[in-house]
$ cat final-v9.pdb   # PDB, C-alpha atoms and all ligand atoms
ATOM      1  CA  MET Q  14      -2.349   1.601 -17.228  1.00  0.00           C
ATOM      2  CA  SER Q  15      -3.470   4.938 -15.885  1.00  0.00           C
ATOM      3  CA  ARG Q  16      -2.715   8.148 -17.719  1.00  0.00           C
ATOM      4  CA  SER Q  17      -0.395   9.511 -15.052  1.00  0.00           C
ATOM      5  CA  SER Q  18       1.815   6.436 -15.044  1.00  0.00           C
ATOM      6  CA  MET Q  19       2.134   6.715 -18.821  1.00  0.00           C
ATOM      7  CA  ARG Q  20       3.262  10.338 -18.471  1.00  0.00           C
ATOM      8  CA  HIS Q  21       6.025   9.180 -16.162  1.00  0.00           C
ATOM      9  CA  PRO Q  22       7.347   5.831 -17.403  1.00  0.00           C
ATOM     10  CA  PRO Q  23       7.446   3.738 -14.239  1.00  0.00           C
ATOM     11  CA  VAL Q  24      10.664   2.537 -12.625  1.00  0.00           C
ATOM     12  CA  CYS Q  25      11.274  -0.140 -10.004  1.00  0.00           C
ATOM     13  CA  ALA Q  26      10.295   1.285  -6.606  1.00  0.00           C
ATOM     14  CA  ASP Q  27      13.287  -0.382  -4.967  1.00  0.00           C
ATOM     15  CA  CYS Q  28      16.203   0.042  -7.417  1.00  0.00           C
ATOM     16  CA  THR Q  29      14.869   2.373 -10.175  1.00  0.00           C
ATOM     17  CA  VAL Q  30      15.422  -0.105 -13.032  1.00  0.00           C
ATOM     18  CA  SER Q  31      13.122   1.009 -15.841  1.00  0.00           C
ATOM     19  CA  GLU Q  32      10.035  -0.895 -16.970  1.00  0.00           C
ATOM     20  CA  PRO Q  33       9.171  -2.890 -13.834  1.00  0.00           C
ATOM     21  CA  THR Q  34       7.340  -6.111 -14.631  1.00  0.00           C
ATOM     22  CA  TRP Q  35       5.845  -6.936 -11.218  1.00  0.00           C
ATOM     23  CA  ALA Q  36       3.579  -5.262  -8.712  1.00  0.00           C
ATOM     24  CA  SER Q  37       3.409  -5.616  -4.951  1.00  0.00           C
ATOM     25  CA  ILE Q  38      -0.336  -5.361  -4.424  1.00  0.00           C
ATOM     26  CA  ASN Q  39      -0.320  -4.663  -0.689  1.00  0.00           C
ATOM     27  CA  ARG Q  40       2.515  -2.124  -0.915  1.00  0.00           C
ATOM     28  CA  GLY Q  41       1.218  -0.320  -4.004  1.00  0.00           C
ATOM     29  CA  VAL Q  42       4.547  -0.373  -5.830  1.00  0.00           C
ATOM     30  CA  LEU Q  43       5.895  -1.624  -9.162  1.00  0.00           C
ATOM     31  CA  ILE Q  44       9.142  -3.618  -9.017  1.00  0.00           C
ATOM     32  CA  CYS Q  45      11.645  -5.324 -11.331  1.00  0.00           C
ATOM     33  CA  ASP Q  46      12.281  -9.084 -11.724  1.00  0.00           C
ATOM     34  CA  GLU Q  47      15.329  -9.034  -9.490  1.00  0.00           C
ATOM     35  CA  CYS Q  48      13.725  -7.100  -6.629  1.00  0.00           C
ATOM     36  CA  CYS Q  49      10.635  -9.286  -6.988  1.00  0.00           C
ATOM     37  CA  SER Q  50      12.756 -12.337  -6.129  1.00  0.00           C
ATOM     38  CA  VAL Q  51      13.543 -10.687  -2.770  1.00  0.00           C
ATOM     39  CA  HIS Q  52       9.883  -9.742  -2.208  1.00  0.00           C
ATOM     40  CA  ARG Q  53       8.932 -13.398  -2.783  1.00  0.00           C
ATOM     41  CA  SER Q  54      11.506 -14.582  -0.268  1.00  0.00           C
ATOM     42  CA  LEU Q  55       9.903 -12.346   2.394  1.00  0.00           C
ATOM     43  CA  GLY Q  56       6.543 -14.117   2.084  1.00  0.00           C
ATOM     44  CA  ARG Q  57       3.009 -12.970   1.259  1.00  0.00           C
ATOM     45  CA  HIS Q  58       2.411 -11.455   4.691  1.00  0.00           C
ATOM     46  CA  ILE Q  59       5.104  -8.912   3.773  1.00  0.00           C
ATOM     47  CA  SER Q  60       4.587  -8.509   0.029  1.00  0.00           C
ATOM     48  CA  GLN Q  61       1.937  -9.917  -2.326  1.00  0.00           C
ATOM     49  CA  VAL Q  62       3.554  -9.911  -5.746  1.00  0.00           C
ATOM     50  CA  LYS Q  63       1.811 -10.332  -9.071  1.00  0.00           C
ATOM     51  CA  SER Q  64       3.164 -10.254 -12.641  1.00  0.00           C
ATOM     52  CA  LEU Q  65       2.096  -7.213 -14.651  1.00  0.00           C
ATOM     53  CA  LYS Q  66       2.462  -9.259 -17.837  1.00  0.00           C
ATOM     54  CA  LYS Q  67       1.270 -12.755 -16.951  1.00  0.00           C
ATOM     55  CA  GLY Q  68      -0.930 -12.225 -13.916  1.00  0.00           C
ATOM     56  CA  GLN Q  69      -4.710 -12.613 -13.969  1.00  0.00           C
ATOM     57  CA  TRP Q  70      -5.962  -9.180 -12.998  1.00  0.00           C
ATOM     58  CA  CYS Q  71      -9.424  -8.011 -12.215  1.00  0.00           C
ATOM     59  CA  PRO Q  72      -9.726  -4.472 -13.596  1.00  0.00           C
ATOM     60  CA  SER Q  73     -10.418  -2.779 -10.266  1.00  0.00           C
ATOM     61  CA  GLN Q  74      -7.381  -4.339  -8.565  1.00  0.00           C
ATOM     62  CA  HIS Q  75      -5.182  -3.414 -11.532  1.00  0.00           C
ATOM     63  CA  ALA Q  76      -6.497   0.150 -11.328  1.00  0.00           C
ATOM     64  CA  MET Q  77      -5.859   0.289  -7.569  1.00  0.00           C
ATOM     65  CA  VAL Q  78      -2.201  -0.722  -8.001  1.00  0.00           C
ATOM     66  CA  TYR Q  79      -1.597   1.887 -10.700  1.00  0.00           C
ATOM     67  CA  ILE Q  80      -3.337   4.626  -8.722  1.00  0.00           C
ATOM     68  CA  LEU Q  81      -1.153   3.834  -5.702  1.00  0.00           C
ATOM     69  CA  ALA Q  82       2.054   3.537  -7.738  1.00  0.00           C
ATOM     70  CA  SER Q  83       1.501   6.747  -9.702  1.00  0.00           C
ATOM     71  CA  ASN Q  84       0.455   8.705  -6.597  1.00  0.00           C
ATOM     72  CA  GLY Q  85       3.657   7.920  -4.733  1.00  0.00           C
ATOM     73  CA  ALA Q  86       2.657   5.098  -2.378  1.00  0.00           C
ATOM     74  CA  ASN Q  87       6.362   4.237  -2.389  1.00  0.00           C
ATOM     75  CA  ASN Q  88       7.012   7.377  -0.296  1.00  0.00           C
ATOM     76  CA  ILE Q  89       5.182   5.703   2.596  1.00  0.00           C
ATOM     77  CA  TRP Q  90       7.887   3.017   2.744  1.00  0.00           C
ATOM     78  CA  GLU Q  91      10.779   5.451   2.114  1.00  0.00           C
ATOM     79  CA  HIS Q  92       9.480   8.364   4.188  1.00  0.00           C
ATOM     80  CA  THR Q  93      12.527   9.027   6.369  1.00  0.00           C
ATOM     81  CA  MET Q  94      14.942   8.660   3.439  1.00  0.00           C
ATOM     82  CA  LEU Q  95      13.231  11.622   1.768  1.00  0.00           C
ATOM     83  CA  ASP Q  96      13.527  13.837   4.851  1.00  0.00           C
ATOM     84  CA  PRO Q  97      17.119  15.081   5.428  1.00  0.00           C
ATOM     85  CA  ALA Q  98      16.340  15.761   9.125  1.00  0.00           C
ATOM     86  CA  GLN Q  99      15.354  12.117   9.671  1.00  0.00           C
ATOM     87  CA  ASN Q 100      17.870  10.522   7.287  1.00  0.00           C
ATOM     88  CA  LYS Q 101      20.856  11.183   9.494  1.00  0.00           C
ATOM     89  CA  HIS Q 102      22.847   8.233   8.223  1.00  0.00           C
ATOM     90  CA  GLY Q 103      22.409   9.383   4.643  1.00  0.00           C
ATOM     91  CA  ARG Q 104      20.825   6.081   3.642  1.00  0.00           C
ATOM     92  CA  ARG Q 105      20.370   5.830  -0.131  1.00  0.00           C
ATOM     93  CA  LYS Q 106      18.371   3.345  -2.155  1.00  0.00           C
ATOM     94  CA  PRO Q 107      20.241   0.921  -4.404  1.00  0.00           C
ATOM     95  CA  ALA Q 108      21.050   1.899  -7.984  1.00  0.00           C
ATOM     96  CA  PRO Q 109      20.056  -0.322 -10.923  1.00  0.00           C
ATOM     97  CA  ARG Q 110      23.593  -1.735 -11.281  1.00  0.00           C
ATOM     98  CA  ASP Q 111      24.138  -2.457  -7.609  1.00  0.00           C
ATOM     99  CA  PRO Q 112      24.352  -6.187  -6.818  1.00  0.00           C
ATOM    100  CA  LEU Q 113      21.273  -8.061  -5.626  1.00  0.00           C
ATOM    101  CA  HIS Q 114      23.294  -9.413  -2.678  1.00  0.00           C
ATOM    102  CA  PRO Q 115      23.828  -7.677  -0.415  1.00  0.00           C
ATOM    103  CA  ASN Q 116      22.694  -4.209  -1.619  1.00  0.00           C
ATOM    104  CA  LYS Q 117      19.202  -4.695  -3.026  1.00  0.00           C
ATOM    105  CA  ASN Q 118      18.367  -7.620  -0.760  1.00  0.00           C
ATOM    106  CA  ASP Q 119      19.310  -5.748   2.426  1.00  0.00           C
ATOM    107  CA  PHE Q 120      17.516  -2.597   1.357  1.00  0.00           C
ATOM    108  CA  ILE Q 121      14.268  -4.396   0.501  1.00  0.00           C
ATOM    109  CA  ARG Q 122      14.288  -6.253   3.833  1.00  0.00           C
ATOM    110  CA  ALA Q 123      14.885  -3.039   5.745  1.00  0.00           C
ATOM    111  CA  LYS Q 124      12.183  -1.243   3.750  1.00  0.00           C
ATOM    112  CA  TYR Q 125       9.299  -3.729   3.904  1.00  0.00           C
ATOM    113  CA  GLN Q 126      10.112  -6.286   6.580  1.00  0.00           C
ATOM    114  CA  PHE Q 127      11.573  -4.005   9.270  1.00  0.00           C
ATOM    115  CA  LEU Q 128       9.782  -0.841   8.088  1.00  0.00           C
ATOM    116  CA  SER Q 129      13.004   1.048   8.766  1.00  0.00           C
ATOM    117  CA  PHE Q 130      12.033   4.108   6.712  1.00  0.00           C
ATOM    118  CA  VAL Q 131       8.339   4.653   7.515  1.00  0.00           C
ATOM    119  CA  ASN Q 132       7.355   7.801   9.401  1.00  0.00           C
ATOM    120  CA  LYS Q 133       7.950   7.213  13.093  1.00  0.00           C
ATOM    121  CA  HIS Q 134       7.250  10.798  14.071  1.00  0.00           C
ATOM    122  CA  LYS Q 135       5.937  11.221  17.624  1.00  0.00           C
ATOM    123  CA  ASP Q 136       2.509  12.321  16.395  1.00  0.00           C
ATOM    124  CA  SER Q 137       1.903   9.037  14.653  1.00  0.00           C
ATOM    125  CA  ASP Q 138       2.976   7.027  17.692  1.00  0.00           C
ATOM    126  CA  ALA Q 139       0.572   8.984  19.900  1.00  0.00           C
ATOM    127  CA  SER Q 140      -2.512   7.999  17.917  1.00  0.00           C
ATOM    128  CA  SER Q 141      -4.136   4.771  18.988  1.00  0.00           C
ATOM    129  CA  ILE Q 142      -5.365   1.986  16.733  1.00  0.00           C
ATOM    130  CA  ASP Q 143      -8.893   3.285  17.373  1.00  0.00           C
ATOM    131  CA  ASP Q 144      -7.885   6.752  16.134  1.00  0.00           C
ATOM    132  CA  VAL Q 145      -6.251   5.561  12.905  1.00  0.00           C
ATOM    133  CA  SER Q 146      -9.095   3.103  12.297  1.00  0.00           C
ATOM    134  CA  ARG Q 147     -11.661   5.923  12.583  1.00  0.00           C
ATOM    135  CA  GLU Q 148      -9.548   8.034  10.271  1.00  0.00           C
ATOM    136  CA  LEU Q 149      -9.565   5.128   7.818  1.00  0.00           C
ATOM    137  CA  HIS Q 150     -13.344   4.837   8.157  1.00  0.00           C
ATOM    138  CA  SER Q 151     -13.736   8.446   7.001  1.00  0.00           C
ATOM    139  CA  SER Q 152     -10.905   8.481   4.395  1.00  0.00           C
ATOM    140  CA  VAL Q 153     -12.240   5.562   2.332  1.00  0.00           C
ATOM    141  CA  ARG Q 154     -15.106   7.738   1.046  1.00  0.00           C
ATOM    142  CA  THR Q 155     -12.514   9.827  -0.875  1.00  0.00           C
ATOM    143  CA  ASN Q 156     -10.462   8.729  -3.865  1.00  0.00           C
ATOM    144  CA  ASN Q 157      -7.261   9.245  -1.884  1.00  0.00           C
ATOM    145  CA  VAL Q 158      -6.164   5.608  -1.827  1.00  0.00           C
ATOM    146  CA  GLU Q 159      -2.582   6.336  -0.743  1.00  0.00           C
ATOM    147  CA  THR Q 160      -3.861   8.053   2.427  1.00  0.00           C
ATOM    148  CA  CYS Q 161      -5.714   4.864   3.316  1.00  0.00           C
ATOM    149  CA  LEU Q 162      -2.641   2.761   2.580  1.00  0.00           C
ATOM    150  CA  ARG Q 163      -0.684   5.037   4.938  1.00  0.00           C
ATOM    151  CA  LEU Q 164      -3.311   4.526   7.667  1.00  0.00           C
ATOM    152  CA  LEU Q 165      -3.281   0.755   7.123  1.00  0.00           C
ATOM    153  CA  SER Q 166       0.520   0.826   7.370  1.00  0.00           C
ATOM    154  CA  LYS Q 167       0.092   2.529  10.780  1.00  0.00           C
ATOM    155  CA  GLY Q 168      -2.070  -0.337  11.951  1.00  0.00           C
ATOM    156  CA  ALA Q 169      -5.611   0.850  11.106  1.00  0.00           C
ATOM    157  CA  ASP Q 170      -8.028  -2.088  11.314  1.00  0.00           C
ATOM    158  CA  PRO Q 171      -9.648  -2.765   7.890  1.00  0.00           C
ATOM    159  CA  ASN Q 172     -12.551  -4.492   9.700  1.00  0.00           C
ATOM    160  CA  TYR Q 173     -13.039  -1.735  12.279  1.00  0.00           C
ATOM    161  CA  PHE Q 174     -16.714  -1.580  13.203  1.00  0.00           C
ATOM    162  CA  TYR Q 175     -17.489   2.049  13.985  1.00  0.00           C
ATOM    163  CA  ARG Q 176     -20.201   1.589  16.609  1.00  0.00           C
ATOM    164  CA  GLU Q 177     -21.621   5.131  16.423  1.00  0.00           C
ATOM    165  CA  LYS Q 178     -21.886   4.932  12.621  1.00  0.00           C
ATOM    166  CA  GLY Q 179     -23.045   1.335  12.534  1.00  0.00           C
ATOM    167  CA  ASN Q 180     -20.705   0.119   9.807  1.00  0.00           C
ATOM    168  CA  SER Q 181     -17.145  -0.693   8.718  1.00  0.00           C
ATOM    169  CA  PRO Q 182     -14.806   1.059   6.249  1.00  0.00           C
ATOM    170  CA  ILE Q 183     -15.757  -1.344   3.448  1.00  0.00           C
ATOM    171  CA  HIS Q 184     -19.436  -0.274   3.671  1.00  0.00           C
ATOM    172  CA  VAL Q 185     -18.409   3.388   3.466  1.00  0.00           C
ATOM    173  CA  ALA Q 186     -16.135   2.772   0.456  1.00  0.00           C
ATOM    174  CA  ALA Q 187     -18.810   0.740  -1.370  1.00  0.00           C
ATOM    175  CA  GLN Q 188     -21.466   3.355  -0.659  1.00  0.00           C
ATOM    176  CA  ALA Q 189     -19.198   6.108  -2.022  1.00  0.00           C
ATOM    177  CA  GLY Q 190     -18.476   4.070  -5.156  1.00  0.00           C
ATOM    178  CA  GLN Q 191     -14.736   3.963  -4.358  1.00  0.00           C
ATOM    179  CA  THR Q 192     -13.853   0.606  -5.911  1.00  0.00           C
ATOM    180  CA  ALA Q 193     -10.085   1.125  -5.499  1.00  0.00           C
ATOM    181  CA  GLN Q 194     -10.633   1.647  -1.763  1.00  0.00           C
ATOM    182  CA  VAL Q 195     -12.737  -1.523  -1.570  1.00  0.00           C
ATOM    183  CA  GLU Q 196      -9.928  -3.428  -3.312  1.00  0.00           C
ATOM    184  CA  LEU Q 197      -7.295  -2.052  -0.952  1.00  0.00           C
ATOM    185  CA  LEU Q 198      -9.371  -2.893   2.130  1.00  0.00           C
ATOM    186  CA  CYS Q 199      -9.806  -6.460   0.849  1.00  0.00           C
ATOM    187  CA  VAL Q 200      -6.066  -6.832   0.184  1.00  0.00           C
ATOM    188  CA  TYR Q 201      -5.581  -5.883   3.852  1.00  0.00           C
ATOM    189  CA  GLY Q 202      -8.075  -8.481   5.001  1.00  0.00           C
ATOM    190  CA  ALA Q 203     -11.416  -6.651   5.124  1.00  0.00           C
ATOM    191  CA  ASP Q 204     -14.341  -9.071   5.037  1.00  0.00           C
ATOM    192  CA  PRO Q 205     -16.318  -8.421   1.827  1.00  0.00           C
ATOM    193  CA  GLY Q 206     -19.370 -10.070   3.429  1.00  0.00           C
ATOM    194  CA  ALA Q 207     -19.290  -8.010   6.649  1.00  0.00           C
ATOM    195  CA  ARG Q 208     -22.735  -6.857   7.818  1.00  0.00           C
ATOM    196  CA  ASP Q 209     -23.491  -3.338   8.954  1.00  0.00           C
ATOM    197  CA  ALA Q 210     -25.913  -2.420  11.756  1.00  0.00           C
ATOM    198  CA  ASN Q 211     -28.817  -3.023   9.336  1.00  0.00           C
ATOM    199  CA  GLY Q 212     -27.522  -6.488   8.458  1.00  0.00           C
ATOM    200  CA  ARG Q 213     -26.485  -5.464   4.975  1.00  0.00           C
ATOM    201  CA  PRO Q 214     -23.196  -6.450   3.251  1.00  0.00           C
ATOM    202  CA  PRO Q 215     -21.062  -3.861   1.348  1.00  0.00           C
ATOM    203  CA  TYR Q 216     -22.166  -4.984  -2.124  1.00  0.00           C
ATOM    204  CA  ASP Q 217     -25.729  -4.029  -1.211  1.00  0.00           C
ATOM    205  CA  TYR Q 218     -24.528  -0.439  -1.339  1.00  0.00           C
ATOM    206  CA  ALA Q 219     -22.237  -0.659  -4.383  1.00  0.00           C
ATOM    207  CA  LYS Q 220     -23.259   1.659  -7.154  1.00  0.00           C
TER
HETATM  208 ZN    ZN Q 301      14.406  -3.385  -8.780  1.00  0.00          ZN
END
$ encode --input "final-v9.pdb" --output "structure tokens"
Amino acid sequence: MSRSSMRHPPVCADCTVSEPTWASINRGVLICDECCSVHRSLGRHISQVKSLKKGQWCPSQHAMVYILASNGANNIWEHTMLDPAQNKHGRRKPAPRDPLHPNKNDFIRAKYQFLSFVNKHKDSDASSIDDVSRELHSSVRTNNVETCLRLLSKGADPNYFYREKGNSPIHVAAQAGQTAQVELLCVYGADPGARDANGRPPYDYAK
């Protein structure tokens, strides 16, 4: 567990129950047992859940999840709820004591399956997949993992081959020693054996 998440005891990202026992790896959030049952019902293409207590974790993936969770990755999925100008219907997230059906179930579906609360500002719609993929290519050299998750949520291609640079985001992340970024790219389907323009795979560059 990272230091920052110990400073703020974590709560379920969906219903704020304390001491969440599961993680959604591709969403970068910690969730409770009850909410996890809804995540499971949505399928792995929506949410990849793993037990914080019983799961087999490799240290870098565990670190990635805690970095994302403690740096507010949940705000990506609840963006418009946090902005009074965009939350015109006054949508609120469920409280711990609200029933699983329909309250928590409906909220979790809206949040992750229909992406009802992500930022749909005009600026983000204007940028093409090429634009967000290039932004991803440059962001993975930093330790700002939640920025990359935001770009991936906007459709950035984790396997984008940047022709002018001769490589893909995973090469850049490996070269910069950003293991959490490598983990995130892999969760989103980046090929860990992808070759760059020199025919070298990412692990050739890992420090
Ligand atoms: Zn919950």
$ residues_near_ligand --input "final-v9.pdb" --ligand "ligand ZN 301 (chain Q)" --cutoff "10 Å" --atoms "all atoms listed in the file" --output "PyMOL selection string"
chain Q and resi 24-35+43-51+107-111+113+117-118+121
$ write_last_selection --input "final-v9.pdb" --atoms "C-alpha atoms" --output "PDB file, in the coordinates of the input"
ATOM      1  CA  VAL Q  24      10.664   2.537 -12.625  1.00  0.00           C
ATOM      2  CA  CYS Q  25      11.274  -0.140 -10.004  1.00  0.00           C
ATOM      3  CA  ALA Q  26      10.295   1.285  -6.606  1.00  0.00           C
ATOM      4  CA  ASP Q  27      13.287  -0.382  -4.967  1.00  0.00           C
ATOM      5  CA  CYS Q  28      16.203   0.042  -7.417  1.00  0.00           C
ATOM      6  CA  THR Q  29      14.869   2.373 -10.175  1.00  0.00           C
ATOM      7  CA  VAL Q  30      15.422  -0.105 -13.032  1.00  0.00           C
ATOM      8  CA  SER Q  31      13.122   1.009 -15.841  1.00  0.00           C
ATOM      9  CA  GLU Q  32      10.035  -0.895 -16.970  1.00  0.00           C
ATOM     10  CA  PRO Q  33       9.171  -2.890 -13.834  1.00  0.00           C
ATOM     11  CA  THR Q  34       7.340  -6.111 -14.631  1.00  0.00           C
ATOM     12  CA  TRP Q  35       5.845  -6.936 -11.218  1.00  0.00           C
ATOM     13  CA  LEU Q  43       5.895  -1.624  -9.162  1.00  0.00           C
ATOM     14  CA  ILE Q  44       9.142  -3.618  -9.017  1.00  0.00           C
ATOM     15  CA  CYS Q  45      11.645  -5.324 -11.331  1.00  0.00           C
ATOM     16  CA  ASP Q  46      12.281  -9.084 -11.724  1.00  0.00           C
ATOM     17  CA  GLU Q  47      15.329  -9.034  -9.490  1.00  0.00           C
ATOM     18  CA  CYS Q  48      13.725  -7.100  -6.629  1.00  0.00           C
ATOM     19  CA  CYS Q  49      10.635  -9.286  -6.988  1.00  0.00           C
ATOM     20  CA  SER Q  50      12.756 -12.337  -6.129  1.00  0.00           C
ATOM     21  CA  VAL Q  51      13.543 -10.687  -2.770  1.00  0.00           C
ATOM     22  CA  PRO Q 107      20.241   0.921  -4.404  1.00  0.00           C
ATOM     23  CA  ALA Q 108      21.050   1.899  -7.984  1.00  0.00           C
ATOM     24  CA  PRO Q 109      20.056  -0.322 -10.923  1.00  0.00           C
ATOM     25  CA  ARG Q 110      23.593  -1.735 -11.281  1.00  0.00           C
ATOM     26  CA  ASP Q 111      24.138  -2.457  -7.609  1.00  0.00           C
ATOM     27  CA  LEU Q 113      21.273  -8.061  -5.626  1.00  0.00           C
ATOM     28  CA  LYS Q 117      19.202  -4.695  -3.026  1.00  0.00           C
ATOM     29  CA  ASN Q 118      18.367  -7.620  -0.760  1.00  0.00           C
ATOM     30  CA  ILE Q 121      14.268  -4.396   0.501  1.00  0.00           C
TER      31      ILE Q 121
END
$ residues_around --input "final-v9.pdb" --residues "Q:Ile142" --least-positions-apart "5" --cutoff "12 Å" --atoms "all atoms listed in the file" --output "list in words"
Ser137, Arg147, Glu148, Leu149, Leu164, Leu165, Ser166, Lys167, Gly168, Ala169, Asp170, Pro171, Asn172 and Tyr173 of chain Q
$ closest_residue --input "final-v9.pdb" --among "Q:Gln74, Q:Asn87, Q:Pro23, Q:Leu95" --to "Q:Leu198" --atoms "only C-alpha atoms"
Q:Gln74
$ residues_around --input "final-v9.pdb" --residues "Q:Gly179" --least-positions-apart "2" --cutoff "10 Å" --atoms "only C-alpha atoms" --output "list in words"
Phe174, Tyr175, Arg176, Glu177, Ser181, His184, Arg208, Asp209, Ala210, Asn211 and Gly212 of chain Q
$ resolve_selection --input "final-v9.pdb" --expression "the PyMOL selection byres (((chain Q and resi 193) around 12) and not hetatm)" --output "VMD selection string"
chain Q and resid 38 41 71 to 81 153 to 159 161 to 162 183 186 to 187 189 to 192 194 to 200
$ axis_aligned_box --input "final-v9.pdb" --around "stretch 165-169 of chain Q" --padding-each-side "5 Å" --output "AutoDock Vina command-line options"
--center_x -2.5 --center_y 1.1 --center_z 9.5 --size_x 16.1 --size_y 12.9 --size_z 14.8
$ resolve_selection --input "final-v9.pdb" --expression "the PyMOL selection byres (((chain Q and resi 130) around 8) and not hetatm)" --output "VMD selection string"
chain Q and resid 90 to 94 123 to 124 128 to 129 131 to 132
$ resolve_selection --input "final-v9.pdb" --expression "the PyMOL selection byres (((chain Q and resi 58) around 12) and not hetatm)" --output "ChimeraX atom specification"
/Q:37-40,52-57,59-62,125-126,200-202
$ atom_distance --input "final-v9.pdb" --atom1 "atom CA of Q:Gln99" --atom2 "atom CA of Q:Asn116"
21.2 Å
$ atom_distance --input "final-v9.pdb" --atom1 "atom CA of Q:Lys133" --atom2 "atom CA of Q:His114"
27.6 Å
$ atom_distance --input "final-v9.pdb" --atom1 "atom CA of Q:Pro22" --atom2 "atom CA of Q:Trp70"
20.5 Å
$ decode --input "final-v9.pdb" --residues "stretch 79-93 of chain Q" --atoms "N, CA, C and O atoms" --output "short mmCIF file (atom, residue, chain, number, x, y, z; two decimals), in the first residue's frame"
data_model
loop_
_atom_site.label_atom_id
_atom_site.label_comp_id
_atom_site.auth_asym_id
_atom_site.auth_seq_id
_atom_site.Cartn_x
_atom_site.Cartn_y
_atom_site.Cartn_z
N TYR Q 79 -2.62 1.20 -6.77
CA TYR Q 79 -2.66 2.12 -5.63
C TYR Q 79 -2.27 3.54 -6.03
O TYR Q 79 -2.79 4.50 -5.47
N ILE Q 80 -1.38 3.68 -6.99
CA ILE Q 80 -1.06 5.02 -7.50
C ILE Q 80 -2.31 5.64 -8.12
O ILE Q 80 -2.67 6.77 -7.82
N LEU Q 81 -2.98 4.87 -8.97
CA LEU Q 81 -4.19 5.38 -9.63
C LEU Q 81 -5.27 5.72 -8.61
O LEU Q 81 -5.87 6.79 -8.65
N ALA Q 82 -5.51 4.79 -7.68
CA ALA Q 82 -6.59 5.00 -6.70
C ALA Q 82 -6.29 6.21 -5.82
O ALA Q 82 -7.17 7.04 -5.57
N SER Q 83 -5.04 6.35 -5.37
CA SER Q 83 -4.75 7.46 -4.45
C SER Q 83 -4.59 8.78 -5.18
O SER Q 83 -4.64 9.84 -4.56
N ASN Q 84 -4.41 8.76 -6.51
CA ASN Q 84 -4.31 10.01 -7.25
C ASN Q 84 -5.63 10.37 -7.95
O ASN Q 84 -5.65 11.20 -8.86
N GLY Q 85 -6.71 9.76 -7.51
CA GLY Q 85 -8.03 10.20 -7.98
C GLY Q 85 -8.43 9.74 -9.36
O GLY Q 85 -9.15 10.44 -10.07
N ALA Q 86 -8.01 8.53 -9.76
CA ALA Q 86 -8.46 8.00 -11.05
C ALA Q 86 -9.99 7.93 -11.11
O ALA Q 86 -10.59 8.04 -12.18
N ASN Q 87 -10.61 7.78 -9.94
CA ASN Q 87 -12.07 7.70 -9.90
C ASN Q 87 -12.74 8.94 -10.49
O ASN Q 87 -13.85 8.87 -11.01
N ASN Q 88 -12.05 10.09 -10.40
CA ASN Q 88 -12.63 11.34 -10.94
C ASN Q 88 -12.82 11.28 -12.45
O ASN Q 88 -13.64 12.02 -12.99
N ILE Q 89 -12.02 10.42 -13.12
CA ILE Q 89 -12.21 10.26 -14.57
C ILE Q 89 -13.62 9.75 -14.84
O ILE Q 89 -14.29 10.25 -15.74
N TRP Q 90 -14.05 8.78 -14.04
CA TRP Q 90 -15.35 8.12 -14.29
C TRP Q 90 -16.51 8.90 -13.70
O TRP Q 90 -17.67 8.60 -13.98
N GLU Q 91 -16.21 9.88 -12.81
CA GLU Q 91 -17.28 10.67 -12.19
C GLU Q 91 -17.14 12.15 -12.53
O GLU Q 91 -17.66 13.01 -11.81
N HIS Q 92 -16.44 12.45 -13.62
CA HIS Q 92 -16.08 13.82 -13.95
C HIS Q 92 -17.26 14.81 -13.91
O HIS Q 92 -17.21 15.82 -13.23
N THR Q 93 -18.34 14.48 -14.62
CA THR Q 93 -19.43 15.46 -14.72
C THR Q 93 -20.22 15.59 -13.42
O THR Q 93 -20.88 16.60 -13.19
#
